[in-house]
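Coordinates as given in coords.txt (compact mmCIF, C-alpha atoms and all ligand atoms):
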# COMPACT_ATOMS: atom_id res chain seq x y z
CA MET E 1 -6.94 -9.67 10.28
CA LYS E 2 -3.46 -8.69 9.20
CA GLU E 3 -3.12 -12.05 7.46
CA ILE E 4 -6.36 -11.50 5.56
CA ILE E 5 -5.39 -7.97 4.53
CA ASN E 6 -2.01 -9.28 3.30
CA LYS E 7 -3.77 -11.82 1.10
CA ILE E 8 -5.90 -9.03 -0.38
CA GLU E 9 -2.86 -6.80 -1.00
CA ALA E 10 -0.97 -9.65 -2.67
CA ALA E 11 -3.91 -10.57 -4.92
CA LEU E 12 -4.47 -6.94 -5.94
CA ALA E 13 -0.77 -6.58 -6.76
CA THR E 14 -0.91 -9.56 -9.14
CA TYR E 15 -3.83 -8.03 -11.03
CA LEU E 16 -2.21 -4.61 -11.23
CA LYS E 17 1.40 -5.57 -11.97
CA PRO E 18 2.69 -2.59 -13.96
CA GLU E 19 5.16 -4.75 -15.92
CA THR E 20 2.31 -6.48 -17.74
CA THR E 21 1.09 -3.13 -19.06
CA PRO E 22 3.88 -0.61 -18.56
CA HIS E 23 2.44 2.83 -19.25
CA THR E 24 1.29 5.86 -17.33
CA VAL E 25 -2.35 4.93 -16.87
CA ALA E 26 -1.42 1.44 -15.62
CA ASP E 27 1.01 3.07 -13.18
CA ALA E 28 -1.73 5.45 -12.03
CA MET E 29 -4.11 2.50 -11.49
CA ALA E 30 -1.51 0.70 -9.35
CA TYR E 31 -0.58 3.93 -7.51
CA SER E 32 -4.17 4.56 -6.42
CA THR E 33 -5.11 0.98 -5.62
CA LEU E 34 -2.04 -0.56 -3.97
CA GLY E 35 -0.46 0.27 -0.63
CA GLY E 36 -3.29 2.17 0.99
CA GLY E 37 -6.82 1.92 2.18
CA LYS E 38 -8.42 -0.12 4.92
CA ARG E 39 -9.69 -2.81 2.51
CA VAL E 40 -13.07 -2.84 4.27
CA ARG E 41 -14.96 -3.97 1.16
CA ALA E 42 -12.60 -6.82 0.28
CA PHE E 43 -12.54 -7.89 3.92
CA LEU E 44 -16.35 -8.11 3.95
CA THR E 45 -16.38 -10.19 0.76
CA LEU E 46 -13.89 -12.70 2.18
CA THR E 47 -15.62 -12.77 5.57
CA PHE E 48 -19.10 -13.45 4.16
CA CYS E 49 -17.66 -16.23 2.02
CA ALA E 50 -16.17 -17.79 5.16
CA LEU E 51 -19.50 -17.31 7.00
CA CYS E 52 -21.08 -19.50 4.30
CA GLY E 53 -18.67 -22.26 5.29
CA LYS E 54 -16.23 -21.94 2.40
CA LYS E 55 -12.54 -21.02 2.25
CA MET E 56 -12.27 -17.25 2.12
CA GLU E 57 -9.57 -17.43 -0.56
CA GLN E 58 -12.13 -18.47 -3.12
CA ALA E 59 -13.69 -15.02 -2.87
CA LEU E 60 -10.41 -13.20 -3.56
CA PRO E 61 -11.15 -12.31 -7.23
CA TYR E 62 -14.51 -10.77 -6.27
CA ALA E 63 -12.89 -8.98 -3.33
CA CYS E 64 -10.27 -7.49 -5.65
CA ALA E 65 -12.92 -6.51 -8.19
CA VAL E 66 -14.85 -4.57 -5.57
CA GLU E 67 -11.67 -2.85 -4.30
CA MET E 68 -10.87 -1.79 -7.89
CA ILE E 69 -14.31 -0.25 -8.26
CA HIS E 70 -13.87 1.48 -4.91
CA ALA E 71 -10.44 2.83 -5.97
CA TYR E 72 -11.93 4.13 -9.24
CA SER E 73 -14.68 5.92 -7.33
CA LEU E 74 -12.12 7.61 -5.07
CA ILE E 75 -9.98 8.73 -8.04
CA HIS E 76 -13.00 10.26 -9.77
CA ASP E 77 -14.41 11.67 -6.54
CA ASP E 78 -11.15 13.61 -6.01
CA LEU E 79 -11.16 15.17 -9.50
CA PRO E 80 -11.54 18.95 -9.80
CA CYS E 81 -15.01 18.50 -11.38
CA MET E 82 -16.13 16.51 -8.29
CA ASP E 83 -14.77 17.17 -4.77
CA ASP E 84 -11.44 18.58 -5.95
CA ASP E 85 -9.26 16.98 -3.26
CA ASP E 86 -5.45 16.91 -3.44
CA LEU E 87 -4.78 14.26 -0.81
CA ARG E 88 -5.92 10.64 -0.67
CA ARG E 89 -4.67 7.78 1.50
CA GLY E 90 -1.90 10.01 2.80
CA LYS E 91 -0.43 10.86 -0.62
CA ALA E 92 -1.15 13.09 -3.58
CA SER E 93 -4.48 12.20 -5.18
CA CYS E 94 -4.26 10.52 -8.57
CA HIS E 95 -4.82 13.63 -10.70
CA LYS E 96 -2.22 15.57 -8.68
CA GLU E 97 0.36 12.86 -9.37
CA PHE E 98 -0.53 11.90 -12.96
CA GLY E 99 -2.62 14.77 -14.32
CA GLU E 100 -6.36 15.00 -14.75
CA ALA E 101 -6.74 13.10 -18.03
CA ASN E 102 -4.62 10.17 -16.83
CA ALA E 103 -6.57 10.06 -13.55
CA LEU E 104 -9.84 9.92 -15.44
CA LEU E 105 -8.48 7.07 -17.56
CA ALA E 106 -7.06 5.27 -14.51
CA GLY E 107 -10.55 5.30 -12.97
CA ASP E 108 -12.03 3.99 -16.22
CA GLY E 109 -9.29 1.34 -16.39
CA LEU E 110 -10.00 0.12 -12.86
CA LEU E 111 -13.73 0.00 -13.42
CA THR E 112 -13.33 -2.02 -16.61
CA LYS E 113 -10.71 -4.33 -15.15
CA ALA E 114 -12.92 -5.14 -12.18
CA PHE E 115 -15.41 -6.85 -14.46
CA SER E 116 -12.73 -8.84 -16.24
CA VAL E 117 -11.31 -9.99 -12.88
CA ALA E 118 -14.76 -11.13 -11.69
CA ALA E 119 -15.54 -12.79 -15.04
CA SER E 120 -12.33 -14.82 -15.06
CA SER E 121 -12.46 -16.08 -11.48
CA PHE E 122 -12.04 -19.83 -10.95
CA LEU E 123 -15.59 -20.10 -9.56
CA SER E 124 -18.44 -21.41 -11.72
CA PRO E 125 -19.66 -19.39 -14.74
CA SER E 126 -23.05 -18.90 -13.06
CA GLN E 127 -21.38 -17.50 -9.92
CA ASN E 128 -19.24 -15.17 -12.05
CA ILE E 129 -22.24 -13.92 -14.03
CA ARG E 130 -24.18 -13.24 -10.84
CA ALA E 131 -21.14 -11.44 -9.37
CA ILE E 132 -20.91 -9.22 -12.45
CA GLN E 133 -24.63 -8.42 -12.26
CA VAL E 134 -24.33 -7.53 -8.58
CA LEU E 135 -21.28 -5.33 -9.19
CA SER E 136 -22.85 -3.46 -12.08
CA HIS E 137 -26.17 -2.99 -10.30
CA PHE E 138 -24.76 -1.69 -7.01
CA ALA E 139 -21.89 0.35 -8.49
CA GLY E 140 -23.93 1.60 -11.42
CA VAL E 141 -26.53 4.16 -12.22
CA GLU E 142 -29.10 2.60 -9.86
CA GLY E 143 -26.52 2.48 -7.06
CA MET E 144 -23.29 4.31 -6.28
CA ILE E 145 -23.42 6.58 -9.33
CA LEU E 146 -26.95 7.71 -8.44
CA GLY E 147 -25.77 8.41 -4.89
CA GLN E 148 -22.93 10.53 -6.22
CA GLU E 149 -25.35 12.38 -8.51
CA MET E 150 -27.50 13.19 -5.48
CA ASP E 151 -24.44 14.28 -3.53
CA LEU E 152 -23.58 16.80 -6.26
CA ALA E 153 -27.17 17.95 -6.70
CA TYR E 154 -27.55 18.55 -2.94
CA GLU E 155 -24.46 20.77 -2.69
CA GLY E 156 -25.41 24.09 -1.09
CA LYS E 157 -29.04 22.94 -0.56
CA LYS E 158 -30.91 22.13 2.61
CA VAL E 159 -31.93 18.47 2.39
CA SER E 160 -34.16 16.37 4.63
CA THR E 161 -32.89 13.47 6.73
CA LYS E 162 -34.80 11.14 4.42
CA GLU E 163 -32.98 12.49 1.36
CA LEU E 164 -29.65 12.31 3.16
CA LEU E 165 -30.31 8.70 4.14
CA GLN E 166 -31.18 7.74 0.58
CA MET E 167 -28.05 9.46 -0.76
CA ASP E 168 -25.81 7.63 1.74
CA ARG E 169 -27.52 4.31 1.11
CA LEU E 170 -26.56 4.62 -2.54
CA LYS E 171 -23.28 6.56 -2.53
CA THR E 172 -21.54 4.47 0.12
CA GLY E 173 -23.94 1.73 1.17
CA ALA E 174 -24.50 0.22 -2.26
CA LEU E 175 -20.90 -0.90 -2.79
CA LEU E 176 -20.60 -2.15 0.79
CA LYS E 177 -23.78 -4.15 0.31
CA ALA E 178 -22.40 -5.55 -2.93
CA SER E 179 -19.18 -6.53 -1.11
CA CYS E 180 -21.15 -8.62 1.41
CA LEU E 181 -23.37 -10.19 -1.23
CA LEU E 182 -20.37 -11.12 -3.39
CA GLY E 183 -18.99 -13.07 -0.43
CA VAL E 184 -22.22 -15.05 -0.20
CA ILE E 185 -22.14 -15.72 -3.94
CA ALA E 186 -18.53 -16.92 -3.75
CA GLY E 187 -19.41 -19.07 -0.73
CA ASN E 188 -22.49 -20.59 -2.38
CA GLY E 189 -24.71 -19.31 0.41
CA GLY E 190 -28.50 -19.52 0.31
CA GLU E 191 -31.35 -17.02 0.63
CA ARG E 192 -30.91 -16.72 4.39
CA GLU E 193 -27.27 -15.74 4.07
CA GLU E 194 -28.03 -13.34 1.20
CA LYS E 195 -30.67 -11.60 3.28
CA ALA E 196 -28.30 -11.31 6.24
CA ALA E 197 -25.56 -9.92 3.96
CA LEU E 198 -27.91 -7.30 2.52
CA ASP E 199 -29.30 -6.29 5.94
CA TYR E 200 -25.84 -6.08 7.40
CA GLY E 201 -24.45 -4.15 4.41
CA GLU E 202 -27.35 -1.70 4.42
CA ASN E 203 -26.95 -0.76 8.07
CA MET E 204 -23.19 -1.04 8.29
CA GLY E 205 -22.99 1.14 5.16
CA LEU E 206 -25.03 3.89 6.80
CA ALA E 207 -23.00 3.72 10.01
CA PHE E 208 -19.80 3.76 7.95
CA GLN E 209 -20.78 6.91 6.03
CA ILE E 210 -21.95 8.69 9.18
CA VAL E 211 -18.58 7.98 10.85
CA ASP E 212 -16.91 9.24 7.64
CA ASP E 213 -18.93 12.47 8.04
CA ILE E 214 -17.94 12.71 11.70
CA LEU E 215 -14.26 12.22 10.85
CA ASP E 216 -14.46 14.97 8.23
CA PHE E 217 -15.48 17.21 11.14
CA THR E 218 -13.41 15.91 14.05
CA GLY E 219 -10.55 13.98 12.42
CA GLU E 220 -6.91 14.88 11.82
CA GLU E 221 -5.63 15.19 8.28
CA ALA E 222 -2.36 13.39 9.11
CA VAL E 223 -4.22 10.35 10.51
CA LEU E 224 -7.07 10.35 7.99
CA GLY E 225 -4.75 10.74 5.00
CA LYS E 226 -7.26 13.07 3.34
CA PRO E 227 -8.34 16.66 3.94
CA VAL E 228 -10.69 17.43 6.84
CA GLY E 229 -13.44 20.00 6.71
CA SER E 230 -14.03 19.48 3.00
CA ASP E 231 -17.77 18.76 3.52
CA LYS E 232 -18.29 22.19 5.04
CA GLU E 233 -16.10 23.85 2.42
CA ASN E 234 -18.02 22.14 -0.41
CA GLN E 235 -21.36 22.88 1.29
CA LYS E 236 -22.14 19.17 1.45
CA SER E 237 -25.17 17.77 3.20
CA THR E 238 -23.92 15.29 5.77
CA TYR E 239 -25.18 13.90 9.07
CA VAL E 240 -22.94 16.37 10.87
CA THR E 241 -23.80 19.46 8.82
CA ILE E 242 -27.54 18.69 9.00
CA LEU E 243 -28.11 17.02 12.37
CA GLY E 244 -25.05 18.09 14.35
CA LEU E 245 -22.27 15.98 15.87
CA GLU E 246 -24.20 14.44 18.78
CA GLU E 247 -27.16 13.29 16.66
CA ALA E 248 -24.74 11.95 14.06
CA LYS E 249 -23.00 9.85 16.73
CA LYS E 250 -26.35 8.50 17.94
CA SER E 251 -27.33 7.55 14.39
CA ALA E 252 -24.01 5.76 13.81
CA ASP E 253 -24.62 3.78 17.03
CA LEU E 254 -28.14 2.89 15.96
CA TYR E 255 -27.17 1.60 12.50
CA THR E 256 -24.21 -0.32 13.92
CA LYS E 257 -26.59 -2.05 16.31
CA LYS E 258 -28.91 -2.94 13.43
CA ALA E 259 -25.95 -4.29 11.45
CA LEU E 260 -24.96 -6.46 14.40
CA ASP E 261 -28.52 -7.81 14.64
CA ALA E 262 -28.27 -9.01 11.05
CA LEU E 263 -25.27 -11.17 12.01
CA GLN E 264 -27.28 -13.13 14.60
CA ILE E 265 -28.02 -15.96 12.15
CA PHE E 266 -24.32 -16.83 12.07
CA GLY E 267 -24.15 -17.39 15.86
CA GLU E 268 -20.61 -17.70 17.28
CA GLU E 269 -19.11 -17.63 13.77
CA GLY E 270 -20.39 -14.08 13.31
CA LYS E 271 -18.63 -12.75 16.43
CA PRO E 272 -15.33 -11.68 14.78
CA LEU E 273 -17.24 -9.68 12.14
CA ALA E 274 -19.37 -8.14 14.91
CA GLU E 275 -16.17 -7.08 16.69
CA TYR E 276 -14.76 -5.64 13.45
CA THR E 277 -18.02 -3.70 12.91
CA ARG E 278 -17.74 -2.16 16.39
CA CYS E 279 -14.13 -1.18 15.65
CA LEU E 280 -15.24 0.59 12.44
CA LEU E 281 -17.61 2.70 14.52
CA ASN E 282 -14.69 3.88 16.63
CA ARG E 283 -12.13 4.23 13.83
CA ASP E 284 -9.95 7.32 13.42
CA ARG E 285 -9.36 7.03 9.66
C1 LIG E 301 -18.27 8.43 -12.50
C2 LIG E 301 -17.07 10.68 -12.72
C3 LIG E 301 -17.61 9.58 -11.89
C4 LIG E 301 -17.46 9.67 -10.55
C5 LIG E 301 -17.89 8.65 -9.67
C6 LIG E 301 -19.20 7.21 -7.74
C7 LIG E 301 -18.22 8.22 -7.34
C8 LIG E 301 -17.58 9.09 -8.32
C9 LIG E 301 -17.89 8.39 -6.11
C10 LIG E 301 -18.44 7.53 -5.07
C11 LIG E 301 -18.80 8.29 -3.93
C12 LIG E 301 -17.84 8.17 -2.81
C13 LIG E 301 -16.39 8.42 -3.04
C14 LIG E 301 -18.35 7.90 -1.64
C15 LIG E 301 -17.55 7.90 -0.43
C16 LIG E 301 -17.48 6.55 0.13
C17 LIG E 301 -16.46 6.49 1.21
C18 LIG E 301 -16.89 6.60 2.62
C19 LIG E 301 -15.18 6.36 0.88
C20 LIG E 301 -14.07 6.16 1.82
O1 LIG E 301 -13.95 4.77 1.99
P1 LIG E 301 -12.87 4.12 2.94
O2 LIG E 301 -12.86 4.85 4.25
O3 LIG E 301 -11.53 4.46 2.15
O4 LIG E 301 -13.10 2.66 2.99
P2 LIG E 301 -10.15 3.64 2.11
O5 LIG E 301 -9.15 4.64 1.62
O6 LIG E 301 -9.85 3.13 3.50
O7 LIG E 301 -10.35 2.53 1.13
Final structure tokens representation of the file:
Amino acid sequence: MKEIINKIEAALATYLKPETTPHTVADAMAYSTLGGGKRVRAFLTLTFCALCGKKMEQALPYACAVEMIHAYSLIHDDLPCMDDDDLRRGKASCHKEFGEANALLAGDGLLTKAFSVAASSFLSPSQNIRAIQVLSHFAGVEGMILGQEMDLAYEGKKVSTKELLQMDRLKTGALLKASCLLGVIAGNGGEREEKAALDYGENMGLAFQIVDDILDFTGEEAVLGKPVGSDKENQKSTYVTILGLEEAKKSADLYTKKALDALQIFGEEGKPLAEYTRCLLNRDR
């Protein structure tokens, strides 16, 4: 795993080399993207490519594109007009380090660059076009952005489990789903693999967000690298604030199990990803 993560870090660093564009916003983009984060999304892209029988390296541009979109979402999510968080990945959040306007631009820069990275990958033009469509659909106004809109609209309101589920599916699940699907596209997988990637991403995404909610309640700021208790402070609707800790844990178990079921089609080859998925359920950051 360490080897795979190193490949991702190295590829991201080549795309975000400050010397190619030496100015504050480029520095802010590199600051928020490099040297932090678990790289879950990029890891999924590379892994699904390998599960389709191809070298995982060929999915690196798509994996970096999805990590850039993720980094942009975190920068914007931390802004005072959103969650107003000062700490991210164990260091000052982007707007605390570079100022609000530069942080906004750094997010915009990462979002835009992600599409250029996907478009100029060495895969076929039809794969690149599909990858761009997938990224814009799942990260866009029908996906992650809509989820974030719901998150803001639900602040201070009592929401149903169904509404909560839909918000999480979009806010967090959509980009994770896209990460898996991008791996299948890079690996030239077929309908069967695409379906497995979507099923896995859907359920793993829900489990991932529920654990994120649990960590906001039970985690330690020093380990998490971001503030704890911010959901309660911001009157957010989460699995923990709505259903309580025990029910939240049960739901995370349930969706992890469903995610693992989706990997069955890969047989033995799917076992390392299954193990990784179980580790995510028990993560502390
Ligand atoms: C367009 C102004 C504007 C804002 C967009 C879309 C958006 C803001 C925010 C996305 C919503 C969001 C941040 C959801 C949380 C998803 C989540 C669980 C993030 C944490 O992911 P990890 O744990 O983080 O993978 P690391 O740091 O490990 O990469």
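With only C-alpha atoms and all ligand atoms as the atoms that count, the set of residues no farther than 6 Å from ligand LIG 301 (chain E) is Gly37, Lys38, Arg39, Val40, Ser73, Leu74, His76, Asp77, Arg89, Met144, Ile145, Gln148, Lys171, Thr172, Gln209 and Asp212 of chain E.
Point (0.9, -0.2, -12.5) has the following residues at most 7 Å away: Leu16, Lys17, Pro18, Pro22, Ala26, Asp27, Ala28, Met29, Ala30 and Tyr31 of chain E (atoms considered: only C-alpha atoms).
When only C-alpha atoms are used to measure the gap to Glu142 (chain E), the shortest distance among E:Ala259, E:Val211, E:Ala103, E:Met167 belongs to E:Met167.
Of the listed residues (E:Ser179, E:Ser136, E:Asn102, E:Thr161), E:Ser179 comes nearest to Cys49 (chain E); the distances count all atoms listed in the file.
The space between CA of Gly173 (chain E) and CA of Gly205 (chain E) spans 4.1 Å.
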Smallest atom-to-atom distance to Ile69 (chain E): which of E:Cys52, E:Leu34, E:Leu175, E:Val134, using only C-alpha atoms? E:Leu175
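Of the listed residues (E:Leu44, E:Ile185, E:Phe115, E:Ser32), E:Ser32 comes nearest to Lys96 (chain E); the distances count all atoms listed in the file.
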Any idea what the distance is between CA of Asp78 (chain E) and CA of Asn234 (chain E)? 12.3 Å
What lies within 9 Å of region 188-191 of chain E using only C-alpha atoms, ignoring chain neighbours under 5 positions off, as a list in words? Phe48, Cys49, Leu51, Cys52, Gly53, Lys54, Gln127, Gly183 and Ala196 of chain E
Can you spit out the residues from that selection as a compact mmCIF listing (two decimals), in the frame of the given file, using C-alpha atoms?
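This is the output file part34.txt:
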# COMPACT_ATOMS: atom_id res chain seq x y z
CA PHE E 48 -19.10 -13.45 4.16
CA CYS E 49 -17.66 -16.23 2.02
CA LEU E 51 -19.50 -17.31 7.00
CA CYS E 52 -21.08 -19.50 4.30
CA GLY E 53 -18.67 -22.26 5.29
CA LYS E 54 -16.23 -21.94 2.40
CA GLN E 127 -21.38 -17.50 -9.92
CA GLY E 183 -18.99 -13.07 -0.43
CA ALA E 196 -28.30 -11.31 6.24
Taking all atoms listed in the file into account, name the residue in E:Glu233, E:Gly270, E:Lys258, E:Gly244 that is nearest to Asp85 (chain E). E:Glu233
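For the atom pair formed by CA of His95 (chain E) and CA of Ile75 (chain E), the distance is 7.6 Å, given to one decimal.
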List the neighbours of region 56-61 of chain E out to 12 Å using all atoms listed in the file; skip same-chain residues closer than 2 positions along the sequence, and give me the result as number ranges by chain. E: 3-15, 41-54, 63-68, 113-124, 127-128, 131-132, 179-188
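Nearest to Val240 (chain E) of all the residues E:Asp168, E:Asp216, E:Glu221, E:Asp253 is E:Asp216, counting all atoms listed in the file.
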